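Novice: Structure file my_file-v5.pdb (PDB, C-alpha atoms and all ligand atoms) right here:
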```pdb
ATOM      1  CA  MET A   1     161.421  -9.703 141.996
ATOM      2  CA  SER A   2     163.771  -8.700 144.777
ATOM      3  CA  ASN A   3     165.108  -5.219 145.047
ATOM      4  CA  ALA A   4     168.547  -6.822 144.977
ATOM      5  CA  GLY A   5     170.163  -4.288 147.227
ATOM      6  CA  ASP A   6     172.825  -6.809 148.191
ATOM      7  CA  PHE A   7     174.690  -6.951 144.875
ATOM      8  CA  ALA A   8     177.841  -5.639 146.490
ATOM      9  CA  ASP A   9     178.344  -8.548 148.867
ATOM     10  CA  ASP A  10     181.408 -10.750 148.497
ATOM     11  CA  ARG A  11     179.937 -14.237 148.762
ATOM     12  CA  PRO A  12     181.014 -16.430 145.828
ATOM     13  CA  ARG A  13     177.983 -17.287 143.678
ATOM     14  CA  MET A  14     177.724 -20.078 141.139
ATOM     15  CA  GLY A  15     176.793 -19.270 137.552
ATOM     16  CA  VAL A  16     176.523 -21.477 134.468
ATOM     17  CA  ASP A  17     176.247 -20.281 130.861
ATOM     18  CA  PHE A  18     174.933 -23.244 128.886
ATOM     19  CA  GLY A  19     175.446 -22.731 125.154
ATOM     20  CA  GLY A  20     175.136 -24.938 122.111
ATOM     21  CA  THR A  21     178.903 -25.329 121.752
ATOM     22  CA  ARG A  22     180.306 -24.526 125.211
ATOM     23  CA  ILE A  23     179.294 -24.576 128.857
ATOM     24  CA  LYS A  24     180.915 -21.979 131.123
ATOM     25  CA  PHE A  25     181.018 -22.570 134.859
ATOM     26  CA  ALA A  26     182.036 -19.650 137.062
ATOM     27  CA  SER A  27     182.315 -18.706 140.657
ATOM     28  CA  VAL A  28     181.413 -15.005 140.735
ATOM     29  CA  ILE A  29     182.121 -12.450 143.436
ATOM     30  CA  GLY A  30     180.215  -9.195 142.917
ATOM     31  CA  GLY A  31     180.633  -8.415 139.220
ATOM     32  CA  LYS A  32     183.932 -10.284 138.835
ATOM     33  CA  ILE A  33     184.741 -13.839 137.820
ATOM     34  CA  ASP A  34     186.640 -15.550 140.642
ATOM     35  CA  ARG A  35     187.182 -18.833 138.800
ATOM     36  CA  LEU A  36     186.091 -19.990 135.338
ATOM     37  CA  VAL A  37     185.984 -23.384 133.633
ATOM     38  CA  VAL A  38     184.848 -23.774 130.021
ATOM     39  CA  LEU A  39     183.859 -27.169 128.627
ATOM     40  CA  ASP A  40     182.636 -28.259 125.191
ATOM     41  CA  THR A  41     178.916 -29.018 125.335
ATOM     42  CA  PRO A  42     178.665 -32.829 125.253
ATOM     43  CA  LYS A  43     176.600 -34.265 122.396
ATOM     44  CA  ASN A  44     174.137 -36.097 124.609
ATOM     45  CA  ASN A  45     170.503 -36.352 125.601
ATOM     46  CA  SER A  46     168.993 -33.804 127.950
ATOM     47  CA  ALA A  47     169.199 -35.992 131.085
ATOM     48  CA  ALA A  48     172.912 -36.709 130.525
ATOM     49  CA  LEU A  49     173.585 -33.058 129.707
ATOM     50  CA  LEU A  50     171.918 -31.909 132.925
ATOM     51  CA  ARG A  51     174.033 -34.434 134.857
ATOM     52  CA  SER A  52     177.155 -32.939 133.197
ATOM     53  CA  ILE A  53     176.060 -29.465 134.312
ATOM     54  CA  ALA A  54     175.439 -30.675 137.875
ATOM     55  CA  ASP A  55     178.828 -32.421 137.948
ATOM     56  CA  GLY A  56     180.505 -29.240 136.690
ATOM     57  CA  VAL A  57     178.866 -27.197 139.437
ATOM     58  CA  LYS A  58     179.815 -29.726 142.137
ATOM     59  CA  ALA A  59     183.443 -29.545 140.980
ATOM     60  CA  PHE A  60     183.290 -25.889 142.116
ATOM     61  CA  GLN A  61     181.063 -26.133 145.159
ATOM     62  CA  ALA A  62     180.186 -29.507 146.705
ATOM     63  CA  GLN A  63     177.093 -27.982 148.336
ATOM     64  CA  PRO A  64     176.102 -24.794 146.494
ATOM     65  CA  VAL A  65     173.644 -22.420 148.187
ATOM     66  CA  SER A  66     171.984 -21.577 144.859
ATOM     67  CA  VAL A  67     172.831 -21.794 141.164
ATOM     68  CA  GLY A  68     171.820 -19.656 138.171
ATOM     69  CA  VAL A  69     171.910 -21.025 134.634
ATOM     70  CA  ALA A  70     171.749 -18.931 131.434
ATOM     71  CA  ILE A  71     170.488 -20.709 128.319
ATOM     72  CA  PRO A  72     170.195 -19.643 124.652
ATOM     73  CA  GLY A  73     166.444 -20.197 124.823
ATOM     74  CA  GLU A  74     163.517 -19.564 127.128
ATOM     75  CA  VAL A  75     161.877 -21.152 130.140
ATOM     76  CA  ASP A  76     158.586 -20.405 131.886
ATOM     77  CA  GLU A  77     158.390 -19.162 135.490
ATOM     78  CA  ASP A  78     158.768 -22.762 136.718
ATOM     79  CA  GLY A  79     161.946 -23.351 134.738
ATOM     80  CA  ILE A  80     160.264 -25.549 132.112
ATOM     81  CA  CYS A  81     161.886 -25.064 128.727
ATOM     82  CA  TRP A  82     159.784 -23.453 125.980
ATOM     83  CA  ARG A  83     162.488 -23.636 123.361
ATOM     84  CA  LEU A  84     166.233 -24.215 123.080
ATOM     85  CA  PRO A  85     166.902 -24.276 119.337
ATOM     86  CA  ASN A  86     170.661 -24.958 119.480
ATOM     87  CA  VAL A  87     170.456 -28.013 121.742
ATOM     88  CA  THR A  88     167.960 -30.721 120.842
ATOM     89  CA  GLY A  89     165.623 -32.510 123.229
ATOM     90  CA  PHE A  90     165.004 -29.801 125.830
ATOM     91  CA  GLU A  91     161.516 -28.561 124.901
ATOM     92  CA  GLY A  92     159.170 -29.320 127.816
ATOM     93  CA  VAL A  93     162.002 -30.398 130.127
ATOM     94  CA  PRO A  94     161.673 -28.970 133.680
ATOM     95  CA  ILE A  95     165.311 -27.866 133.751
ATOM     96  CA  SER A  96     165.169 -26.079 137.120
ATOM     97  CA  ARG A  97     163.500 -28.989 138.907
ATOM     98  CA  GLU A  98     165.845 -31.592 137.421
ATOM     99  CA  LEU A  99     168.945 -29.615 138.372
ATOM    100  CA  GLU A 100     167.545 -28.895 141.840
ATOM    101  CA  LYS A 101     167.182 -32.661 142.368
ATOM    102  CA  LEU A 102     170.764 -33.249 141.276
ATOM    103  CA  LEU A 103     172.251 -30.320 143.227
ATOM    104  CA  GLY A 104     170.057 -30.102 146.324
ATOM    105  CA  CYS A 105     169.678 -26.304 146.116
ATOM    106  CA  PRO A 106     167.483 -23.705 144.340
ATOM    107  CA  VAL A 107     168.305 -23.330 140.632
ATOM    108  CA  ARG A 108     167.147 -20.387 138.521
ATOM    109  CA  ILE A 109     167.172 -20.650 134.723
ATOM    110  CA  GLU A 110     166.878 -17.651 132.408
ATOM    111  CA  ASN A 111     167.533 -16.647 128.844
ATOM    112  CA  ASP A 112     171.179 -15.723 128.226
ATOM    113  CA  GLY A 113     170.253 -12.251 126.948
ATOM    114  CA  THR A 114     168.275 -11.584 130.116
ATOM    115  CA  SER A 115     171.203 -12.852 132.199
ATOM    116  CA  ALA A 116     173.602 -10.522 130.360
ATOM    117  CA  ALA A 117     171.163  -7.650 130.899
ATOM    118  CA  LEU A 118     171.090  -8.437 134.623
ATOM    119  CA  ALA A 119     174.902  -8.267 134.759
ATOM    120  CA  GLU A 120     174.882  -5.029 132.749
ATOM    121  CA  SER A 121     172.233  -3.505 135.028
ATOM    122  CA  LYS A 122     174.208  -4.198 138.198
ATOM    123  CA  PHE A 123     177.845  -3.985 137.122
ATOM    124  CA  GLY A 124     177.990  -2.256 133.722
ATOM    125  CA  TYR A 125     176.180   0.628 132.064
ATOM    126  CA  GLY A 126     173.276   0.133 134.474
ATOM    127  CA  LEU A 127     175.283   2.336 136.801
ATOM    128  CA  GLN A 128     174.559   5.189 134.310
ATOM    129  CA  PHE A 129     171.299   4.197 132.619
ATOM    130  CA  GLN A 130     167.930   2.964 133.898
ATOM    131  CA  ASP A 131     166.111   1.894 130.712
ATOM    132  CA  PHE A 132     168.108   0.122 128.039
ATOM    133  CA  LEU A 133     168.382  -2.861 125.751
ATOM    134  CA  VAL A 134     171.383  -5.148 125.704
ATOM    135  CA  VAL A 135     171.678  -6.220 122.060
ATOM    136  CA  THR A 136     173.621  -9.427 121.435
ATOM    137  CA  LEU A 137     175.185  -9.541 117.958
ATOM    138  CA  GLY A 138     176.635 -12.830 116.737
ATOM    139  CA  THR A 139     175.400 -16.025 115.099
ATOM    140  CA  GLY A 140     172.010 -14.793 116.201
ATOM    141  CA  VAL A 141     170.679 -11.413 117.267
ATOM    142  CA  GLY A 142     169.166 -11.423 120.742
ATOM    143  CA  GLY A 143     168.897  -9.245 123.742
ATOM    144  CA  GLY A 144     167.884  -8.434 127.248
ATOM    145  CA  LEU A 145     165.728  -5.637 128.586
ATOM    146  CA  VAL A 146     166.363  -3.413 131.603
ATOM    147  CA  LEU A 147     163.562  -1.080 132.719
ATOM    148  CA  GLY A 148     163.672   1.047 135.838
ATOM    149  CA  GLY A 149     167.108  -0.419 136.584
ATOM    150  CA  GLN A 150     165.747  -3.987 136.711
ATOM    151  CA  ALA A 151     166.323  -6.803 134.211
ATOM    152  CA  ARG A 152     162.952  -7.960 132.858
ATOM    153  CA  ARG A 153     162.076 -11.437 131.640
ATOM    154  CA  GLY A 154     158.600 -10.525 130.384
ATOM    155  CA  HIS A 155     155.416 -12.469 131.093
ATOM    156  CA  LEU A 156     156.586 -15.724 129.484
ATOM    157  CA  GLY A 157     160.353 -15.201 129.467
ATOM    158  CA  PHE A 158     160.628 -13.868 125.907
ATOM    159  CA  ALA A 159     161.270 -10.166 126.593
ATOM    160  CA  ALA A 160     163.704  -8.538 124.154
ATOM    161  CA  GLU A 161     163.717 -11.263 121.478
ATOM    162  CA  ILE A 162     164.599  -8.360 119.243
ATOM    163  CA  GLY A 163     166.302 -10.458 116.560
ATOM    164  CA  HIS A 164     162.850 -11.399 115.287
ATOM    165  CA  ILE A 165     161.395  -7.933 114.851
ATOM    166  CA  LEU A 166     160.211  -7.720 111.234
ATOM    167  CA  ILE A 167     162.106  -5.348 108.963
ATOM    168  CA  ASP A 168     161.318  -6.791 105.512
ATOM    169  CA  ARG A 169     157.908  -8.148 104.571
ATOM    170  CA  SER A 170     158.637  -8.412 100.847
ATOM    171  CA  ALA A 171     158.314 -11.708  98.979
ATOM    172  CA  THR A 172     162.101 -11.888  98.650
ATOM    173  CA  ALA A 173     162.860 -11.282 102.357
ATOM    174  CA  TRP A 174     165.774 -13.345 103.658
ATOM    175  CA  LEU A 175     165.121 -16.479 105.700
ATOM    176  CA  CYS A 176     165.848 -16.349 109.440
ATOM    177  CA  HIS A 177     167.074 -19.169 111.705
ATOM    178  CA  CYS A 178     163.659 -19.032 113.390
ATOM    179  CA  GLY A 179     161.961 -20.271 110.235
ATOM    180  CA  LYS A 180     160.260 -16.946 109.412
ATOM    181  CA  THR A 181     161.566 -14.385 106.914
ATOM    182  CA  GLY A 182     162.533 -10.725 107.127
ATOM    183  CA  CYS A 183     163.694 -10.652 110.790
ATOM    184  CA  ILE A 184     166.453  -8.296 112.018
ATOM    185  CA  GLU A 185     168.588 -11.402 112.554
ATOM    186  CA  SER A 186     168.369 -12.253 108.826
ATOM    187  CA  TYR A 187     170.039  -8.916 108.023
ATOM    188  CA  ALA A 188     172.394  -8.188 110.935
ATOM    189  CA  SER A 189     173.877 -11.505 112.147
ATOM    190  CA  THR A 190     177.235 -13.081 111.270
ATOM    191  CA  ARG A 191     175.610 -14.977 108.423
ATOM    192  CA  ALA A 192     174.123 -11.769 107.003
ATOM    193  CA  LEU A 193     177.447  -9.915 107.116
ATOM    194  CA  LEU A 194     179.208 -12.739 105.281
ATOM    195  CA  ARG A 195     176.348 -12.948 102.765
ATOM    196  CA  TYR A 196     176.530  -9.230 101.902
ATOM    197  CA  TYR A 197     180.254  -9.620 101.293
ATOM    198  CA  SER A 198     179.942 -12.784  99.268
ATOM    199  CA  GLU A 199     177.181 -11.298  97.084
ATOM    200  CA  ALA A 200     179.556  -8.409  96.328
ATOM    201  CA  GLY A 201     182.190 -10.920  95.190
ATOM    202  CA  GLY A 202     184.226 -11.107  98.400
ATOM    203  CA  SER A 203     185.081 -14.124 100.501
ATOM    204  CA  ALA A 204     185.465 -14.231 104.283
ATOM    205  CA  ASN A 205     184.931 -17.017 106.792
ATOM    206  CA  SER A 206     184.388 -14.972 109.916
ATOM    207  CA  VAL A 207     183.384 -11.538 111.116
ATOM    208  CA  GLU A 208     186.954 -11.039 112.373
ATOM    209  CA  GLU A 209     188.277 -11.640 108.841
ATOM    210  CA  LEU A 210     185.652  -9.318 107.365
ATOM    211  CA  ALA A 211     186.514  -6.614 109.915
ATOM    212  CA  ARG A 212     190.221  -6.907 109.059
ATOM    213  CA  ALA A 213     189.377  -6.481 105.367
ATOM    214  CA  ALA A 214     187.259  -3.402 106.140
ATOM    215  CA  ARG A 215     190.033  -1.884 108.261
ATOM    216  CA  ASP A 216     192.497  -2.583 105.429
ATOM    217  CA  GLY A 217     190.353  -0.451 103.124
ATOM    218  CA  ASP A 218     188.230  -3.080 101.371
ATOM    219  CA  ALA A 219     185.188  -1.056 100.256
ATOM    220  CA  GLU A 220     182.885  -4.084  99.919
ATOM    221  CA  ALA A 221     183.732  -5.254 103.459
ATOM    222  CA  THR A 222     183.013  -1.758 104.753
ATOM    223  CA  GLU A 223     179.723  -1.749 102.842
ATOM    224  CA  SER A 224     178.761  -5.113 104.383
ATOM    225  CA  PHE A 225     179.031  -3.629 107.888
ATOM    226  CA  ARG A 226     177.140  -0.552 106.723
ATOM    227  CA  ARG A 227     174.252  -2.615 105.362
ATOM    228  CA  ALA A 228     174.037  -4.716 108.535
ATOM    229  CA  GLY A 229     174.185  -1.594 110.701
ATOM    230  CA  LYS A 230     171.460   0.191 108.715
ATOM    231  CA  ALA A 231     169.143  -2.818 108.968
ATOM    232  CA  LEU A 232     169.881  -3.137 112.688
ATOM    233  CA  GLY A 233     169.224   0.548 113.304
ATOM    234  CA  MET A 234     165.913   0.466 111.438
ATOM    235  CA  GLY A 235     164.817  -2.587 113.403
ATOM    236  CA  LEU A 236     165.928  -1.205 116.761
ATOM    237  CA  CYS A 237     163.912   1.917 116.032
ATOM    238  CA  SER A 238     160.798  -0.236 116.531
ATOM    239  CA  ALA A 239     162.039  -1.057 120.045
ATOM    240  CA  GLN A 240     162.722   2.608 120.580
ATOM    241  CA  HIS A 241     159.181   3.568 119.470
ATOM    242  CA  LEU A 242     157.806   1.100 121.988
ATOM    243  CA  LEU A 243     160.079   1.832 124.952
ATOM    244  CA  ASP A 244     161.765   5.264 124.598
ATOM    245  CA  LEU A 245     165.045   3.891 125.970
ATOM    246  CA  ASP A 246     167.986   5.881 127.264
ATOM    247  CA  ALA A 247     170.741   3.703 125.716
ATOM    248  CA  LEU A 248     171.442   0.718 123.477
ATOM    249  CA  ILE A 249     174.280  -1.520 124.724
ATOM    250  CA  PHE A 250     175.861  -3.915 122.221
ATOM    251  CA  THR A 251     177.603  -7.177 123.054
ATOM    252  CA  GLY A 252     178.427 -10.518 121.393
ATOM    253  CA  GLY A 253     181.092 -11.453 118.835
ATOM    254  CA  ILE A 254     180.218  -8.772 116.257
ATOM    255  CA  SER A 255     180.388  -6.005 118.883
ATOM    256  CA  ALA A 256     184.210  -6.106 118.648
ATOM    257  CA  ALA A 257     183.692  -4.567 115.188
ATOM    258  CA  PHE A 258     180.850  -2.274 116.258
ATOM    259  CA  ASP A 259     182.872   0.827 115.388
ATOM    260  CA  LEU A 260     182.424  -0.259 111.745
ATOM    261  CA  MET A 261     178.634  -0.143 112.209
ATOM    262  CA  THR A 262     177.981   2.725 114.631
ATOM    263  CA  ASP A 263     177.300   5.380 111.962
ATOM    264  CA  SER A 264     175.009   3.129 109.953
ATOM    265  CA  VAL A 265     173.047   2.000 113.035
ATOM    266  CA  ARG A 266     172.500   5.692 113.731
ATOM    267  CA  GLU A 267     171.521   6.212 110.086
ATOM    268  CA  GLY A 268     168.943   3.401 110.376
ATOM    269  CA  LEU A 269     167.524   4.870 113.579
ATOM    270  CA  ARG A 270     167.263   8.323 112.002
ATOM    271  CA  ALA A 271     165.607   6.903 108.892
ATOM    272  CA  ARG A 272     162.734   5.494 110.950
ATOM    273  CA  ALA A 273     162.468   7.659 114.070
ATOM    274  CA  PHE A 274     159.051   9.214 114.659
ATOM    275  CA  ALA A 275     160.767  12.266 116.172
ATOM    276  CA  PRO A 276     164.454  13.253 115.960
ATOM    277  CA  PRO A 277     165.387  12.816 119.656
ATOM    278  CA  LEU A 278     164.385   9.136 119.569
ATOM    279  CA  SER A 279     167.317   8.312 117.293
ATOM    280  CA  GLU A 280     169.983  10.148 119.298
ATOM    281  CA  LEU A 281     170.369   7.809 122.269
ATOM    282  CA  PRO A 282     173.895   6.554 123.167
ATOM    283  CA  LEU A 283     175.088   3.470 121.220
ATOM    284  CA  LEU A 284     177.643   1.738 123.451
ATOM    285  CA  VAL A 285     179.630  -1.493 123.509
ATOM    286  CA  SER A 286     179.380  -3.420 126.786
ATOM    287  CA  GLU A 287     182.577  -3.398 128.807
ATOM    288  CA  LEU A 288     181.732  -6.651 130.622
ATOM    289  CA  GLY A 289     183.088  -8.673 127.700
ATOM    290  CA  PRO A 290     182.129 -12.220 126.784
ATOM    291  CA  HIS A 291     181.398 -13.274 130.364
ATOM    292  CA  ALA A 292     178.372 -11.043 131.029
ATOM    293  CA  GLY A 293     176.048 -14.035 130.600
ATOM    294  CA  VAL A 294     177.745 -16.171 133.234
ATOM    295  CA  ILE A 295     178.155 -13.235 135.654
ATOM    296  CA  GLY A 296     174.453 -12.454 135.319
ATOM    297  CA  ALA A 297     173.622 -16.154 135.688
ATOM    298  CA  ALA A 298     175.306 -16.264 139.080
ATOM    299  CA  TRP A 299     173.005 -13.456 140.259
ATOM    300  CA  LEU A 300     169.753 -14.862 138.825
ATOM    301  CA  PRO A 301     168.627 -16.545 142.080
ATOM    302  CA  SER A 302     169.086 -13.239 143.961
ATOM    303  CA  HIS A 303     167.285 -11.117 141.383
ATOM    304  CA  PHE A 304     164.295 -13.194 140.366
ATOM    305  CA  GLU A 305     161.905 -14.768 142.803
ATOM    306  CA  GLY A 306     162.698 -18.235 144.021
ATOM    307  CA  PRO A 307     163.098 -20.900 145.128
ATOM    308  CA  ARG A 308     160.372 -22.899 143.475
ATOM    309  CA  SER A 309     159.399 -26.573 143.373
TER     310      SER A 309
HETATM  311 ZN    ZN B   1     163.563 -14.728 113.075
END
```
Once you've parsed the file, please lay out its structure as structure tokens.
Specialist:
Amino acid sequence: MSNAGDFADDRPRMGVDFGGTRIKFASVIGGKIDRLVVLDTPKNNSAALLRSIADGVKAFQAQPVSVGVAIPGEVDEDGICWRLPNVTGFEGVPISRELEKLLGCPVRIENDGTSAALAESKFGYGLQFQDFLVVTLGTGVGGGLVLGGQARRGHLGFAAEIGHILIDRSATAWLCHCGKTGCIESYASTRALLRYYSEAGGSANSVEELARAARDGDAEATESFRRAGKALGMGLCSAQHLLDLDALIFTGGISAAFDLMTDSVREGLRARAFAPPLSELPLLVSELGPHAGVIGAAWLPSHFEGPRS
């Protein structure tokens, strides 16, 4: 891992955030987006999808020096995909090598949570904190880990898969997207928030709608955020017991309504903390906005070792 002392330079870098519904392409200078193009993710096989990504990059830079790609899944150190649950057909695909062939330059792939954590470490709250988790709240619950000021991918690339920390081992624990039951994600994702509300007799189609109801004084909507926040806080306390962090940074779609959850996340942390100070760390919403993943992606080749292949 490089020491990355050159994060202030002004060379445009190419980042791609490859999601299940959209692909973002961005030219990034320092911590700012210089130019951004967002495309719908084509419904196609992996080879055709990788060609679409390469074509998108070439539309920005005919001969890129290096490219970083964030994915909602994990790859090993050689850029071979372990899992990419939202886009079929990628398991076992050597994504880095295939894109390097198409683009003629080094390509670094990382998990989108790790990419967002890299951006946060260099251009966000990393300027204040050294050891923190970036917690992504949305359709899923994910994250990225920063220790000693450096974004960490872990041994296999799965660091900070915090959505799947167990918080309910009862026989009636809710099912998670991952196929297991009782994960944080089952109790603190978009689906969980809408489920709490619907079980209390309410009806909302999105977190935005639920947040509006809560702000308009709907007690059941408020309670839905409280339940999600409490579950999240209890789960994150396990991360805190392991790592003794100095902040938790929240991002993702639900983070726009994080003010409706802050007290209950704290309540969950306090309910489980081994010692009182562990639950009192700052709970902050990332100021990098929805583009942290693509900004971090652009810096992946500089931060992690490469090139390979
Ligand atoms: Zn899970």
Novice: What do you get as an mmCIF file with C-alpha atoms, keeping the file's coordinate frame if you pick all residues at most 12 Å from ligand ZN 1 (chain B), counting all atoms listed in the file?
Specialist:
```
data_model
loop_
_atom_site.group_PDB
_atom_site.id
_atom_site.type_symbol
_atom_site.label_atom_id
_atom_site.label_comp_id
_atom_site.auth_asym_id
_atom_site.auth_seq_id
_atom_site.Cartn_x
_atom_site.Cartn_y
_atom_site.Cartn_z
ATOM 1 C CA PRO A 85 166.902 -24.276 119.337
ATOM 2 C CA GLY A 140 172.010 -14.793 116.201
ATOM 3 C CA VAL A 141 170.679 -11.413 117.267
ATOM 4 C CA GLY A 142 169.166 -11.423 120.742
ATOM 5 C CA GLU A 161 163.717 -11.263 121.478
ATOM 6 C CA ILE A 162 164.599 -8.360 119.243
ATOM 7 C CA GLY A 163 166.302 -10.458 116.560
ATOM 8 C CA HIS A 164 162.850 -11.399 115.287
ATOM 9 C CA ILE A 165 161.395 -7.933 114.851
ATOM 10 C CA LEU A 166 160.211 -7.720 111.234
ATOM 11 C CA ILE A 167 162.106 -5.348 108.963
ATOM 12 C CA ASP A 168 161.318 -6.791 105.512
ATOM 13 C CA ALA A 173 162.860 -11.282 102.357
ATOM 14 C CA TRP A 174 165.774 -13.345 103.658
ATOM 15 C CA LEU A 175 165.121 -16.479 105.700
ATOM 16 C CA CYS A 176 165.848 -16.349 109.440
ATOM 17 C CA HIS A 177 167.074 -19.169 111.705
ATOM 18 C CA CYS A 178 163.659 -19.032 113.390
ATOM 19 C CA GLY A 179 161.961 -20.271 110.235
ATOM 20 C CA LYS A 180 160.260 -16.946 109.412
ATOM 21 C CA THR A 181 161.566 -14.385 106.914
ATOM 22 C CA GLY A 182 162.533 -10.725 107.127
ATOM 23 C CA CYS A 183 163.694 -10.652 110.790
ATOM 24 C CA ILE A 184 166.453 -8.296 112.018
ATOM 25 C CA GLU A 185 168.588 -11.402 112.554
ATOM 26 C CA SER A 186 168.369 -12.253 108.826
ATOM 27 C CA TYR A 187 170.039 -8.916 108.023
ATOM 28 C CA ALA A 188 172.394 -8.188 110.935
ATOM 29 C CA SER A 189 173.877 -11.505 112.147
#
```
Novice: Would you list the contacts of Ile295 (chain A) as a PyMOL selection string, taking every protein, DNA or RNA residue within 12 Å and counting only C-alpha atoms, but skipping same-chain residues closer than 3 positions in sequence?
Specialist: chain A and resi 7+12-17+24-36+67-70+112-124+288-292+298-301
Novice: Please enumerate the residues selected by the PyMOL selection byres (((chain A and resi 235-248) around 6) and not hetatm) when evaluated against the supplied file, formatted as JSON, numbers by chain.
Specialist: {"A": [131, 132, 133, 167, 232, 233, 234, 249, 269, 281, 282, 283]}
Novice: For the structure provided, state which residues fall under the PyMOL selection byres (((chain A and resi 221) around 9) and not hetatm), and present them as a PyMOL selection string.
Specialist: chain A and resi 193-194+196-197+200+202+210-215+217-220+222-226
Novice: Dump C-alpha atoms for the selected residues as a PDB file, keeping the file's coordinate frame?
Specialist:
```
ATOM      1  CA  LEU A 193     177.447  -9.915 107.116  1.00  0.00           C
ATOM      2  CA  LEU A 194     179.208 -12.739 105.281  1.00  0.00           C
ATOM      3  CA  TYR A 196     176.530  -9.230 101.902  1.00  0.00           C
ATOM      4  CA  TYR A 197     180.254  -9.620 101.293  1.00  0.00           C
ATOM      5  CA  ALA A 200     179.556  -8.409  96.328  1.00  0.00           C
ATOM      6  CA  GLY A 202     184.226 -11.107  98.400  1.00  0.00           C
ATOM      7  CA  LEU A 210     185.652  -9.318 107.365  1.00  0.00           C
ATOM      8  CA  ALA A 211     186.514  -6.614 109.915  1.00  0.00           C
ATOM      9  CA  ARG A 212     190.221  -6.907 109.059  1.00  0.00           C
ATOM     10  CA  ALA A 213     189.377  -6.481 105.367  1.00  0.00           C
ATOM     11  CA  ALA A 214     187.259  -3.402 106.140  1.00  0.00           C
ATOM     12  CA  ARG A 215     190.033  -1.884 108.261  1.00  0.00           C
ATOM     13  CA  GLY A 217     190.353  -0.451 103.124  1.00  0.00           C
ATOM     14  CA  ASP A 218     188.230  -3.080 101.371  1.00  0.00           C
ATOM     15  CA  ALA A 219     185.188  -1.056 100.256  1.00  0.00           C
ATOM     16  CA  GLU A 220     182.885  -4.084  99.919  1.00  0.00           C
ATOM     17  CA  THR A 222     183.013  -1.758 104.753  1.00  0.00           C
ATOM     18  CA  GLU A 223     179.723  -1.749 102.842  1.00  0.00           C
ATOM     19  CA  SER A 224     178.761  -5.113 104.383  1.00  0.00           C
ATOM     20  CA  PHE A 225     179.031  -3.629 107.888  1.00  0.00           C
ATOM     21  CA  ARG A 226     177.140  -0.552 106.723  1.00  0.00           C
TER      22      ARG A 226
END
```
Novice: Quote the spacing between CA of Thr136 (chain A) and CA of Ala257 (chain A) in Å to one decimal place.
Specialist: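 For CA of Thr136 (chain A) relative to CA of Ala257 (chain A), the distance reads 12.8 Å.
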Novice: When you draw a straight line from CA of Leu84 (chain A) to CA of Ile71 (chain A), how long is it in Å?
Specialist: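 Result for CA of Leu84 (chain A) versus CA of Ile71 (chain A): 7.6 Å, one decimal.
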Novice: Quick one: distance from CA of Phe274 (chain A) to CA of Thr190 (chain A) in Å, one decimal?
Specialist: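 These atoms are spaced 29.0 Å apart.
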Novice: What's the 12 Å shell around Thr21 (chain A), counting only C-alpha atoms, without same-chain residues fewer than 4 positions away, as a PyMOL selection string?
Specialist: chain A and resi 17+38-43+71-72+86-87+139
Novice: Please write the residues picked by the PyMOL selection byres (((chain A and resi 264-267) around 6) and not hetatm) on this file as number ranges by chain.
Specialist: A: 226, 229-230, 233, 261-263, 268-270
Novice: List as JSON, numbers by chain the protein and nucleic acid residues near Val107 (chain A), meaning an atom at most 12 Å away when all atoms listed in the file are counted, but skip any in the same chain fewer than 3 places from it.
Specialist: {"A": [13, 14, 15, 16, 53, 54, 57, 64, 65, 66, 67, 68, 69, 70, 77, 78, 79, 80, 94, 95, 96, 97, 98, 99, 100, 101, 102, 103, 104, 110, 297, 298, 299, 300, 301, 302, 304, 305, 306, 307, 308, 309]}
Novice: Nearest to Arg152 (chain A): which of A:Ala171, A:Ala271, A:Val134, A:Ala228 is it, counting only C-alpha atoms?
Specialist: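 Looking at the shortest contact to Arg152 (chain A), the residue is A:Val134.
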Novice: Go through A:Glu74, A:Ala256, A:Tyr125, A:Pro276 and flag the residue nearest Glu209 (chain A), using all atoms listed in the file for the distances.
Specialist: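 Among A:Glu74, A:Ala256, A:Tyr125, A:Pro276, it is A:Ala256 that comes nearest to Glu209 (chain A).
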Novice: Take region 206-212 of chain A, model N, CA and C atoms, and hand the result over as an mmCIF file, in the coordinates of the input.
Specialist:
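And here's part-v5.cif as it stands now:
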```
data_model
loop_
_atom_site.group_PDB
_atom_site.id
_atom_site.type_symbol
_atom_site.label_atom_id
_atom_site.label_comp_id
_atom_site.auth_asym_id
_atom_site.auth_seq_id
_atom_site.Cartn_x
_atom_site.Cartn_y
_atom_site.Cartn_z
ATOM 1 N N SER A 206 184.775 -15.400 108.566
ATOM 2 C CA SER A 206 184.388 -14.972 109.916
ATOM 3 C C SER A 206 184.229 -13.461 109.930
ATOM 4 N N VAL A 207 183.548 -12.982 110.953
ATOM 5 C CA VAL A 207 183.384 -11.538 111.116
ATOM 6 C C VAL A 207 184.743 -10.880 111.366
ATOM 7 N N GLU A 208 185.624 -11.593 112.099
ATOM 8 C CA GLU A 208 186.954 -11.039 112.373
ATOM 9 C C GLU A 208 187.687 -10.781 111.050
ATOM 10 N N GLU A 209 187.601 -11.768 110.141
ATOM 11 C CA GLU A 209 188.277 -11.640 108.841
ATOM 12 C C GLU A 209 187.666 -10.480 108.041
ATOM 13 N N LEU A 210 186.340 -10.386 108.094
ATOM 14 C CA LEU A 210 185.652 -9.318 107.365
ATOM 15 C C LEU A 210 186.035 -7.945 107.936
ATOM 16 N N ALA A 211 186.145 -7.890 109.269
ATOM 17 C CA ALA A 211 186.514 -6.614 109.915
ATOM 18 C C ALA A 211 187.943 -6.222 109.536
ATOM 19 N N ARG A 212 188.829 -7.213 109.464
ATOM 20 C CA ARG A 212 190.221 -6.907 109.059
ATOM 21 C C ARG A 212 190.239 -6.340 107.644
#
```
